[in-house]
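For reference, run.cif (mmCIF, C-alpha atoms):
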```cif
data_work
#
loop_
_atom_site.group_PDB
_atom_site.id
_atom_site.type_symbol
_atom_site.label_atom_id
_atom_site.label_comp_id
_atom_site.auth_asym_id
_atom_site.auth_seq_id
_atom_site.Cartn_x
_atom_site.Cartn_y
_atom_site.Cartn_z
ATOM 1 C CA MET Z 1 0.000 0.000 0.000
ATOM 2 C CA SER Z 2 3.024 2.277 0.218
ATOM 3 C CA GLY Z 3 2.776 2.827 -3.544
ATOM 4 C CA VAL Z 4 -0.481 4.719 -3.174
ATOM 5 C CA ARG Z 5 0.001 8.461 -3.656
ATOM 6 C CA THR Z 6 -0.979 10.587 -0.732
ATOM 7 C CA ASP Z 7 -3.298 12.679 -2.868
ATOM 8 C CA ALA Z 8 -5.129 9.658 -4.269
ATOM 9 C CA GLN Z 9 -7.783 9.650 -1.623
ATOM 10 C CA GLY Z 10 -10.868 8.913 -3.690
ATOM 11 C CA PRO Z 11 -13.915 11.047 -4.342
ATOM 12 C CA SER Z 12 -14.876 11.541 -0.705
ATOM 13 C CA ALA Z 13 -11.896 13.791 -0.115
ATOM 14 C CA GLN Z 14 -12.603 15.922 -3.174
ATOM 15 C CA VAL Z 15 -15.931 17.457 -2.384
ATOM 16 C CA ARG Z 16 -17.469 20.860 -2.889
ATOM 17 C CA ALA Z 17 -20.927 22.312 -2.531
ATOM 18 C CA GLY Z 18 -23.237 21.397 -5.402
ATOM 19 C CA PRO Z 19 -24.848 24.148 -7.494
ATOM 20 C CA GLY Z 20 -28.007 23.915 -5.434
ATOM 21 C CA GLY Z 21 -26.087 24.054 -2.190
ATOM 22 C CA THR Z 22 -28.067 21.007 -1.073
ATOM 23 C CA ALA Z 23 -25.365 18.378 -0.955
ATOM 24 C CA ALA Z 24 -21.616 18.034 -1.216
ATOM 25 C CA ARG Z 25 -20.842 16.239 -4.443
ATOM 26 C CA PRO Z 26 -17.658 14.427 -5.449
ATOM 27 C CA MET Z 27 -15.437 16.177 -7.972
ATOM 28 C CA SER Z 28 -13.387 14.078 -10.317
ATOM 29 C CA PRO Z 29 -9.658 14.875 -10.089
ATOM 30 C CA HIS Z 30 -9.227 13.891 -13.737
ATOM 31 C CA LEU Z 31 -7.846 17.219 -15.019
ATOM 32 C CA GLN Z 32 -4.449 16.676 -13.397
ATOM 33 C CA VAL Z 33 -3.918 13.119 -14.588
ATOM 34 C CA TRP Z 34 -5.649 13.064 -17.978
ATOM 35 C CA ARG Z 35 -3.469 12.413 -21.022
ATOM 36 C CA TRP Z 36 -3.840 15.068 -23.698
ATOM 37 C CA HIS Z 37 -5.436 13.867 -26.904
ATOM 38 C CA VAL Z 38 -6.832 15.540 -29.992
ATOM 39 C CA THR Z 39 -10.545 15.004 -29.289
ATOM 40 C CA MET Z 40 -10.070 16.709 -25.921
ATOM 41 C CA LEU Z 41 -8.450 19.679 -27.672
ATOM 42 C CA ALA Z 42 -11.330 19.691 -30.184
ATOM 43 C CA SER Z 43 -13.866 19.831 -27.370
ATOM 44 C CA ILE Z 44 -12.045 22.692 -25.628
ATOM 45 C CA LEU Z 45 -11.675 24.553 -28.932
ATOM 46 C CA THR Z 46 -15.393 24.176 -29.637
ATOM 47 C CA ARG Z 47 -16.181 25.968 -26.381
ATOM 48 C CA ALA Z 48 -13.422 28.539 -26.816
ATOM 49 C CA THR Z 49 -14.480 29.416 -30.369
ATOM 50 C CA GLY Z 50 -18.110 29.544 -29.223
ATOM 51 C CA ILE Z 51 -17.195 32.119 -26.576
ATOM 52 C CA ALA Z 52 -15.106 34.033 -29.146
ATOM 53 C CA LEU Z 53 -18.071 34.082 -31.535
ATOM 54 C CA TYR Z 54 -20.274 35.350 -28.695
ATOM 55 C CA VAL Z 55 -18.025 38.417 -28.611
ATOM 56 C CA GLY Z 56 -17.951 38.420 -32.414
ATOM 57 C CA ALA Z 57 -21.757 38.675 -32.584
ATOM 58 C CA LEU Z 58 -21.590 41.718 -30.311
ATOM 59 C CA ILE Z 59 -18.933 43.235 -32.602
ATOM 60 C CA LEU Z 60 -21.301 42.633 -35.548
ATOM 61 C CA ALA Z 61 -24.212 44.216 -33.657
ATOM 62 C CA GLY Z 62 -21.957 47.236 -33.001
ATOM 63 C CA TRP Z 63 -21.096 47.333 -36.694
ATOM 64 C CA ALA Z 64 -24.792 47.460 -37.640
ATOM 65 C CA LEU Z 65 -25.380 50.187 -35.046
ATOM 66 C CA SER Z 66 -22.482 52.253 -36.439
ATOM 67 C CA LEU Z 67 -24.211 52.077 -39.832
ATOM 68 C CA VAL Z 68 -27.288 53.705 -38.265
ATOM 69 C CA LEU Z 69 -25.228 56.322 -36.411
ATOM 70 C CA GLY Z 70 -23.893 57.642 -39.670
ATOM 71 C CA ARG Z 71 -20.981 57.929 -42.052
ATOM 72 C CA ASP Z 72 -18.447 59.168 -39.477
ATOM 73 C CA ALA Z 73 -19.293 56.502 -36.883
ATOM 74 C CA TYR Z 74 -19.136 53.800 -39.561
ATOM 75 C CA GLY Z 75 -15.818 55.156 -40.811
ATOM 76 C CA SER Z 76 -14.163 55.053 -37.417
ATOM 77 C CA TYR Z 77 -15.669 51.632 -36.600
ATOM 78 C CA MET Z 78 -14.275 50.245 -39.865
ATOM 79 C CA ALA Z 79 -10.937 51.934 -39.134
ATOM 80 C CA TYR Z 80 -10.766 49.937 -35.896
ATOM 81 C CA LEU Z 81 -11.800 46.714 -37.661
ATOM 82 C CA THR Z 82 -9.220 47.117 -40.434
ATOM 83 C CA SER Z 83 -6.334 48.147 -38.166
ATOM 84 C CA PRO Z 84 -3.684 45.434 -37.687
ATOM 85 C CA LEU Z 85 -5.209 44.452 -34.333
ATOM 86 C CA GLY Z 86 -8.728 44.560 -35.823
ATOM 87 C CA LEU Z 87 -7.700 42.354 -38.731
ATOM 88 C CA LEU Z 88 -6.110 39.897 -36.287
ATOM 89 C CA VAL Z 89 -9.393 39.761 -34.349
ATOM 90 C CA LEU Z 90 -11.344 39.351 -37.594
ATOM 91 C CA PHE Z 91 -9.029 36.527 -38.682
ATOM 92 C CA GLY Z 92 -9.528 34.793 -35.339
ATOM 93 C CA LEU Z 93 -13.284 35.206 -35.635
ATOM 94 C CA THR Z 94 -13.270 33.876 -39.210
ATOM 95 C CA ALA Z 95 -11.252 30.821 -38.156
ATOM 96 C CA SER Z 96 -13.637 30.431 -35.187
ATOM 97 C CA VAL Z 97 -16.680 30.529 -37.477
ATOM 98 C CA PHE Z 98 -15.294 27.803 -39.730
ATOM 99 C CA TYR Z 99 -13.953 25.648 -36.889
ATOM 100 C CA HIS Z 100 -17.136 25.951 -34.816
ATOM 101 C CA LEU Z 101 -19.180 25.151 -37.938
ATOM 102 C CA ALA Z 102 -17.162 21.993 -38.605
ATOM 103 C CA ALA Z 103 -17.301 21.019 -34.921
ATOM 104 C CA GLY Z 104 -21.063 21.546 -34.980
ATOM 105 C CA LEU Z 105 -21.422 19.230 -37.968
ATOM 106 C CA ARG Z 106 -19.323 16.677 -36.031
ATOM 107 C CA HIS Z 107 -21.752 16.923 -33.122
ATOM 108 C CA LEU Z 108 -24.765 16.563 -35.442
ATOM 109 C CA ALA Z 109 -23.176 13.427 -36.902
ATOM 110 C CA TRP Z 110 -22.718 12.046 -33.373
ATOM 111 C CA ASP Z 111 -26.379 12.845 -32.666
ATOM 112 C CA ILE Z 112 -27.429 10.455 -35.443
ATOM 113 C CA GLY Z 113 -24.950 7.871 -34.141
ATOM 114 C CA VAL Z 114 -22.119 8.287 -36.657
ATOM 115 C CA GLY Z 115 -18.397 8.907 -36.060
ATOM 116 C CA PHE Z 116 -17.793 7.517 -32.571
ATOM 117 C CA LEU Z 117 -14.914 5.173 -33.448
ATOM 118 C CA PRO Z 118 -11.712 6.603 -31.888
ATOM 119 C CA ARG Z 119 -9.970 6.648 -35.257
ATOM 120 C CA THR Z 120 -12.891 8.475 -36.880
ATOM 121 C CA ALA Z 121 -13.266 10.909 -33.989
ATOM 122 C CA ASN Z 122 -9.525 11.705 -34.058
ATOM 123 C CA ALA Z 123 -9.558 12.206 -37.823
ATOM 124 C CA THR Z 124 -12.614 14.487 -37.795
ATOM 125 C CA ALA Z 125 -11.122 16.500 -34.921
ATOM 126 C CA VAL Z 126 -7.928 17.162 -36.894
ATOM 127 C CA ALA Z 127 -9.971 17.811 -40.050
ATOM 128 C CA ALA Z 128 -12.149 20.381 -38.272
ATOM 129 C CA MET Z 129 -9.077 22.278 -36.992
ATOM 130 C CA ALA Z 130 -7.374 22.175 -40.389
ATOM 131 C CA PHE Z 131 -10.595 23.311 -42.072
ATOM 132 C CA GLY Z 132 -10.988 26.229 -39.674
ATOM 133 C CA VAL Z 133 -7.501 27.596 -40.361
ATOM 134 C CA ALA Z 134 -7.490 26.788 -44.104
ATOM 135 C CA ALA Z 135 -10.930 28.314 -44.747
ATOM 136 C CA ALA Z 136 -9.997 31.451 -42.808
ATOM 137 C CA LEU Z 137 -6.758 31.795 -44.810
ATOM 138 C CA ALA Z 138 -8.716 31.308 -48.053
ATOM 139 C CA THR Z 139 -11.322 33.888 -46.979
ATOM 140 C CA PHE Z 140 -8.645 36.466 -46.200
ATOM 141 C CA ALA Z 141 -6.833 35.701 -49.452
ATOM 142 C CA VAL Z 142 -10.066 36.330 -51.357
ATOM 143 C CA GLY Z 143 -10.717 39.447 -49.274
ATOM 144 C CA PHE Z 144 -7.303 40.956 -50.025
ATOM 145 C CA ALA Z 145 -7.561 39.922 -53.689
ATOM 146 C CA MET Z 146 -10.921 41.714 -53.945
ATOM 147 C CA GLY Z 147 -9.095 44.900 -53.025
ATOM 148 C CA GLY Z 148 -10.217 45.005 -49.429
ATOM 149 C CA ARG Z 149 -6.992 46.667 -48.338
ATOM 150 C CA MET Q 1 -48.530 6.528 -9.352
ATOM 151 C CA GLU Q 2 -48.204 5.206 -12.877
ATOM 152 C CA SER Q 3 -45.301 7.556 -13.732
ATOM 153 C CA ALA Q 4 -41.639 6.963 -12.933
ATOM 154 C CA ALA Q 5 -41.929 9.586 -10.208
ATOM 155 C CA GLY Q 6 -43.941 7.061 -8.237
ATOM 156 C CA TYR Q 7 -40.806 5.066 -7.522
ATOM 157 C CA ARG Q 8 -39.023 7.998 -5.890
ATOM 158 C CA THR Q 9 -38.942 8.400 -2.159
ATOM 159 C CA PRO Q 10 -40.919 11.286 -0.626
ATOM 160 C CA LEU Q 11 -37.625 12.760 0.614
ATOM 161 C CA SER Q 12 -36.043 12.873 -2.850
ATOM 162 C CA ARG Q 13 -39.206 14.479 -4.254
ATOM 163 C CA ALA Q 14 -39.267 17.092 -1.473
ATOM 164 C CA ARG Q 15 -35.620 17.939 -2.121
ATOM 165 C CA GLY Q 16 -36.430 18.488 -5.776
ATOM 166 C CA LEU Q 17 -33.747 16.116 -6.973
ATOM 167 C CA GLY Q 18 -33.904 14.377 -10.313
ATOM 168 C CA ALA Q 19 -34.593 15.591 -13.842
ATOM 169 C CA ALA Q 20 -36.107 19.030 -14.386
ATOM 170 C CA HIS Q 21 -38.180 17.757 -17.357
ATOM 171 C CA THR Q 22 -37.561 20.999 -19.251
ATOM 172 C CA GLY Q 23 -34.292 20.099 -20.978
ATOM 173 C CA VAL Q 24 -35.717 18.683 -24.193
ATOM 174 C CA GLN Q 25 -36.546 22.097 -25.642
ATOM 175 C CA SER Q 26 -32.976 23.307 -25.066
ATOM 176 C CA PHE Q 27 -31.573 20.139 -26.601
ATOM 177 C CA ILE Q 28 -33.709 20.479 -29.748
ATOM 178 C CA SER Q 29 -33.127 24.266 -29.958
ATOM 179 C CA GLU Q 30 -29.355 23.750 -29.853
ATOM 180 C CA ARG Q 31 -29.524 21.428 -32.821
ATOM 181 C CA VAL Q 32 -32.109 23.327 -34.879
ATOM 182 C CA THR Q 33 -30.287 26.661 -34.464
ATOM 183 C CA SER Q 34 -26.939 25.032 -35.293
ATOM 184 C CA ILE Q 35 -28.357 23.647 -38.551
ATOM 185 C CA ALA Q 36 -29.867 27.046 -39.416
ATOM 186 C CA LEU Q 37 -26.542 28.762 -38.673
ATOM 187 C CA VAL Q 38 -24.637 26.688 -41.259
ATOM 188 C CA PRO Q 39 -26.024 28.595 -44.279
ATOM 189 C CA LEU Q 40 -26.374 31.835 -42.297
ATOM 190 C CA CYS Q 41 -22.691 31.884 -41.236
ATOM 191 C CA LEU Q 42 -21.533 31.101 -44.763
ATOM 192 C CA TRP Q 43 -23.746 33.966 -45.957
ATOM 193 C CA ALA Q 44 -22.226 36.243 -43.309
ATOM 194 C CA VAL Q 45 -18.665 35.505 -44.465
ATOM 195 C CA TRP Q 46 -19.703 36.146 -48.067
ATOM 196 C CA ALA Q 47 -21.453 39.362 -47.017
ATOM 197 C CA GLY Q 48 -18.345 40.511 -45.140
ATOM 198 C CA LEU Q 49 -16.224 39.967 -48.243
ATOM 199 C CA ARG Q 50 -18.781 41.868 -50.350
ATOM 200 C CA ILE Q 51 -19.169 44.805 -47.944
ATOM 201 C CA GLY Q 52 -15.533 45.152 -46.854
ATOM 202 C CA PRO Q 53 -14.227 47.265 -49.763
ATOM 203 C CA THR Q 54 -17.428 49.178 -50.583
ATOM 204 C CA GLY Q 55 -17.461 51.744 -47.771
ATOM 205 C CA TYR Q 56 -20.514 53.281 -46.113
ATOM 206 C CA ASP Q 57 -22.660 53.644 -49.243
ATOM 207 C CA GLY Q 58 -21.950 50.081 -50.348
ATOM 208 C CA ALA Q 59 -22.825 48.683 -46.923
ATOM 209 C CA VAL Q 60 -26.112 50.639 -46.824
ATOM 210 C CA ALA Q 61 -26.984 49.565 -50.365
ATOM 211 C CA PHE Q 62 -26.229 45.940 -49.427
ATOM 212 C CA LEU Q 63 -28.556 45.929 -46.403
ATOM 213 C CA HIS Q 64 -31.160 47.901 -48.380
ATOM 214 C CA GLN Q 65 -31.776 44.808 -50.519
ATOM 215 C CA PRO Q 66 -34.648 42.767 -49.012
ATOM 216 C CA VAL Q 67 -32.906 39.380 -49.322
ATOM 217 C CA ASN Q 68 -29.816 40.634 -47.490
ATOM 218 C CA ALA Q 69 -31.879 42.409 -44.819
ATOM 219 C CA ILE Q 70 -33.915 39.257 -44.153
ATOM 220 C CA ALA Q 71 -30.776 37.087 -43.998
ATOM 221 C CA ALA Q 72 -29.148 39.578 -41.592
ATOM 222 C CA LEU Q 73 -32.250 39.607 -39.357
ATOM 223 C CA LEU Q 74 -32.335 35.801 -39.335
ATOM 224 C CA LEU Q 75 -28.616 35.659 -38.536
ATOM 225 C CA ALA Q 76 -29.022 38.075 -35.615
ATOM 226 C CA GLY Q 77 -32.003 36.216 -34.163
ATOM 227 C CA VAL Q 78 -30.672 32.676 -34.571
ATOM 228 C CA ALA Q 79 -27.080 33.528 -33.551
ATOM 229 C CA PHE Q 80 -28.048 35.292 -30.317
ATOM 230 C CA TRP Q 81 -30.534 32.493 -29.514
ATOM 231 C CA HIS Q 82 -27.880 29.808 -30.177
ATOM 232 C CA GLN Q 83 -25.169 31.524 -28.137
ATOM 233 C CA ARG Q 84 -27.503 32.174 -25.216
ATOM 234 C CA ILE Q 85 -28.122 28.416 -24.969
ATOM 235 C CA GLY Q 86 -24.449 27.658 -25.566
ATOM 236 C CA LEU Q 87 -23.023 29.978 -22.928
ATOM 237 C CA ARG Q 88 -25.705 28.831 -20.476
ATOM 238 C CA VAL Q 89 -24.184 25.341 -20.600
ATOM 239 C CA VAL Q 90 -20.711 26.773 -19.928
ATOM 240 C CA ILE Q 91 -22.011 28.845 -16.988
ATOM 241 C CA GLU Q 92 -23.831 25.841 -15.531
ATOM 242 C CA ASP Q 93 -20.602 23.834 -15.779
ATOM 243 C CA TYR Q 94 -18.323 26.343 -14.072
ATOM 244 C CA ALA Q 95 -20.362 28.556 -11.731
ATOM 245 C CA GLU Q 96 -19.222 27.867 -8.178
ATOM 246 C CA SER Q 97 -22.364 28.744 -6.261
ATOM 247 C CA HIS Q 98 -26.094 28.984 -6.770
ATOM 248 C CA MET Q 99 -26.010 32.794 -6.641
ATOM 249 C CA SER Q 100 -23.127 33.223 -9.094
ATOM 250 C CA ARG Q 101 -24.823 30.774 -11.442
ATOM 251 C CA LEU Q 102 -28.057 32.742 -11.268
ATOM 252 C CA PHE Q 103 -26.213 36.049 -11.740
ATOM 253 C CA TRP Q 104 -24.269 34.969 -14.825
ATOM 254 C CA LEU Q 105 -27.301 33.270 -16.372
ATOM 255 C CA LEU Q 106 -29.227 36.546 -16.053
ATOM 256 C CA VAL Q 107 -26.266 38.537 -17.469
ATOM 257 C CA ASN Q 108 -26.059 36.085 -20.369
ATOM 258 C CA GLY Q 109 -29.755 36.490 -21.142
ATOM 259 C CA ALA Q 110 -29.602 40.278 -20.891
ATOM 260 C CA VAL Q 111 -26.541 40.565 -23.156
ATOM 261 C CA CYS Q 112 -28.094 38.300 -25.795
ATOM 262 C CA TRP Q 113 -31.488 40.058 -25.777
ATOM 263 C CA VAL Q 114 -29.882 43.520 -25.938
ATOM 264 C CA GLY Q 115 -27.463 42.412 -28.667
ATOM 265 C CA TRP Q 116 -30.321 40.955 -30.679
ATOM 266 C CA ALA Q 117 -32.453 44.089 -30.241
ATOM 267 C CA VAL Q 118 -29.620 46.471 -31.213
ATOM 268 C CA ALA Q 119 -28.684 44.377 -34.255
ATOM 269 C CA SER Q 120 -32.283 43.931 -35.435
ATOM 270 C CA PHE Q 121 -33.173 47.602 -34.927
ATOM 271 C CA SER Q 122 -30.078 48.705 -36.834
ATOM 272 C CA ILE Q 123 -30.673 46.296 -39.700
ATOM 273 C CA LEU Q 124 -34.307 47.434 -39.996
ATOM 274 C CA VAL Q 125 -33.406 51.136 -39.939
ATOM 275 C CA VAL Q 126 -30.844 50.675 -42.715
ATOM 276 C CA ALA Q 127 -33.101 48.338 -44.701
ATOM 277 C CA LEU Q 128 -36.173 50.583 -44.517
ATOM 278 C CA GLN Q 129 -34.647 54.073 -44.382
ATOM 279 C CA GLY Q 130 -31.379 53.540 -46.206
ATOM 280 C CA GLY Q 131 -29.167 54.501 -43.285
ATOM 281 C CA ALA Q 132 -28.585 57.774 -41.468
ATOM 282 C CA HIS Q 133 -28.965 61.077 -43.298
#
```

Just give me the structure as structure tokens.
Amino acid sequence: MSGVRTDAQGPSAQVRAGPGGTAARPMSPHLQVWRWHVTMLASILTRATGIALYVGALILAGWALSLVLGRDAYGSYMAYLTSPLGLLVLFGLTASVFYHLAAGLRHLAWDIGVGFLPRTANATAVAAMAFGVAAALATFAVGFAMGGR
Amino acid sequence: MESAAGYRTPLSRARGLGAAHTGVQSFISERVTSIALVPLCLWAVWAGLRIGPTGYDGAVAFLHQPVNAIAALLLAGVAFWHQRIGLRVVIEDYAESHMSRLFWLLVNGAVCWVGWAVASFSILVVALQGGAH
């Protein structure tokens, strides 16, 4: 028994108040010992890009509002969006749109029972990430080619 | 006593444990809005590429077209609906206490409703009036 780590005490030692405050519930200590793998990264990225797009939707709402406020407001809003930092944000949002879209299709496939084999899930995770970056690069290439700036 | 609830102890029922029985609508809404957002997001990227170089007049003219105005309204409504459900799941996963969970859920709802209202109002003004004068 000397091989047992001192912090491996089982769920009863890892408790916190539940959301309802009614009962202490066990918390899995998996985050410290879990091996990194690509489907885990895909899951985290799906949430992260979703939160990024949440901000992106607010940026779009602000863009529409600037259109109502007039030519000057629109001009300065677009100046922010097309500054180097603005373009970086827009590129991140574009990659987020395409990645989140691909991840969403992955989830819809799982909902109808397709794509659960580890090999398939790993491949679609990598494909979704590659698609997100590649489609964003293609979009920006088209944008610059169209004389955007 | 014919339902599954009949097998639960009086104590568990009094504590309000078990399923809330209101999750199905969220589950279906998540999927329906995600399917609707596939064409809408692709349209949005295309619209961004179209509008980018055209300046103020081009952007107003774009939203002045009924098809584009309707697509923009749909995008605003479905996107803010989808992200309200999505962030709610994240908040429910990470909020430490009942009060912080309640607070952030209310903030999430307020931000999404306000964002939707601002976006929809702006799109309608530009679509119907042709922008500011």

- Find the residues of chain Q in contact range of chain Z, meaning any atom within 9 Å when counting all atoms listed in the file, and list them as a ChimeraX atom specification. /Q:15,31,34-35,37-38,41-42,45-46,48-50,52-57,59-60,76,79-80,83-84,86-87,90,92,95-99,101,111-112,115-123,125-126,130-133

Would you mind exporting C-alpha atoms of the selected residues as a PDB file, in the frame of the given file?
```pdb
ATOM      1  CA  ARG Q  15     -35.620  17.939  -2.121  1.00  0.00           C
ATOM      2  CA  ARG Q  31     -29.524  21.428 -32.821  1.00  0.00           C
ATOM      3  CA  SER Q  34     -26.939  25.032 -35.293  1.00  0.00           C
ATOM      4  CA  ILE Q  35     -28.357  23.647 -38.551  1.00  0.00           C
ATOM      5  CA  LEU Q  37     -26.542  28.762 -38.673  1.00  0.00           C
ATOM      6  CA  VAL Q  38     -24.637  26.688 -41.259  1.00  0.00           C
ATOM      7  CA  CYS Q  41     -22.691  31.884 -41.236  1.00  0.00           C
ATOM      8  CA  LEU Q  42     -21.533  31.101 -44.763  1.00  0.00           C
ATOM      9  CA  VAL Q  45     -18.665  35.505 -44.465  1.00  0.00           C
ATOM     10  CA  TRP Q  46     -19.703  36.146 -48.067  1.00  0.00           C
ATOM     11  CA  GLY Q  48     -18.345  40.511 -45.140  1.00  0.00           C
ATOM     12  CA  LEU Q  49     -16.224  39.967 -48.243  1.00  0.00           C
ATOM     13  CA  ARG Q  50     -18.781  41.868 -50.350  1.00  0.00           C
ATOM     14  CA  GLY Q  52     -15.533  45.152 -46.854  1.00  0.00           C
ATOM     15  CA  PRO Q  53     -14.227  47.265 -49.763  1.00  0.00           C
ATOM     16  CA  THR Q  54     -17.428  49.178 -50.583  1.00  0.00           C
ATOM     17  CA  GLY Q  55     -17.461  51.744 -47.771  1.00  0.00           C
ATOM     18  CA  TYR Q  56     -20.514  53.281 -46.113  1.00  0.00           C
ATOM     19  CA  ASP Q  57     -22.660  53.644 -49.243  1.00  0.00           C
ATOM     20  CA  ALA Q  59     -22.825  48.683 -46.923  1.00  0.00           C
ATOM     21  CA  VAL Q  60     -26.112  50.639 -46.824  1.00  0.00           C
ATOM     22  CA  ALA Q  76     -29.022  38.075 -35.615  1.00  0.00           C
ATOM     23  CA  ALA Q  79     -27.080  33.528 -33.551  1.00  0.00           C
ATOM     24  CA  PHE Q  80     -28.048  35.292 -30.317  1.00  0.00           C
ATOM     25  CA  GLN Q  83     -25.169  31.524 -28.137  1.00  0.00           C
ATOM     26  CA  ARG Q  84     -27.503  32.174 -25.216  1.00  0.00           C
ATOM     27  CA  GLY Q  86     -24.449  27.658 -25.566  1.00  0.00           C
ATOM     28  CA  LEU Q  87     -23.023  29.978 -22.928  1.00  0.00           C
ATOM     29  CA  VAL Q  90     -20.711  26.773 -19.928  1.00  0.00           C
ATOM     30  CA  GLU Q  92     -23.831  25.841 -15.531  1.00  0.00           C
ATOM     31  CA  ALA Q  95     -20.362  28.556 -11.731  1.00  0.00           C
ATOM     32  CA  GLU Q  96     -19.222  27.867  -8.178  1.00  0.00           C
ATOM     33  CA  SER Q  97     -22.364  28.744  -6.261  1.00  0.00           C
ATOM     34  CA  HIS Q  98     -26.094  28.984  -6.770  1.00  0.00           C
ATOM     35  CA  MET Q  99     -26.010  32.794  -6.641  1.00  0.00           C
ATOM     36  CA  ARG Q 101     -24.823  30.774 -11.442  1.00  0.00           C
ATOM     37  CA  VAL Q 111     -26.541  40.565 -23.156  1.00  0.00           C
ATOM     38  CA  CYS Q 112     -28.094  38.300 -25.795  1.00  0.00           C
ATOM     39  CA  GLY Q 115     -27.463  42.412 -28.667  1.00  0.00           C
ATOM     40  CA  TRP Q 116     -30.321  40.955 -30.679  1.00  0.00           C
ATOM     41  CA  ALA Q 117     -32.453  44.089 -30.241  1.00  0.00           C
ATOM     42  CA  VAL Q 118     -29.620  46.471 -31.213  1.00  0.00           C
ATOM     43  CA  ALA Q 119     -28.684  44.377 -34.255  1.00  0.00           C
ATOM     44  CA  SER Q 120     -32.283  43.931 -35.435  1.00  0.00           C
ATOM     45  CA  PHE Q 121     -33.173  47.602 -34.927  1.00  0.00           C
ATOM     46  CA  SER Q 122     -30.078  48.705 -36.834  1.00  0.00           C
ATOM     47  CA  ILE Q 123     -30.673  46.296 -39.700  1.00  0.00           C
ATOM     48  CA  VAL Q 125     -33.406  51.136 -39.939  1.00  0.00           C
ATOM     49  CA  VAL Q 126     -30.844  50.675 -42.715  1.00  0.00           C
ATOM     50  CA  GLY Q 130     -31.379  53.540 -46.206  1.00  0.00           C
ATOM     51  CA  GLY Q 131     -29.167  54.501 -43.285  1.00  0.00           C
ATOM     52  CA  ALA Q 132     -28.585  57.774 -41.468  1.00  0.00           C
ATOM     53  CA  HIS Q 133     -28.965  61.077 -43.298  1.00  0.00           C
TER      54      HIS Q 133
END
```

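The coordinates place atom CA of Val89 of chain Z at 26.9 Å from atom CA of Asp93 of chain Q.
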
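Separating atom CA of Leu128 of chain Q from atom CA of Leu73 of chain Q is a distance of 12.7 Å.
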
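One distance worth recording is that between atom CA of Ser29 of chain Q and atom CA of Leu106 of chain Q, which is 19.0 Å.
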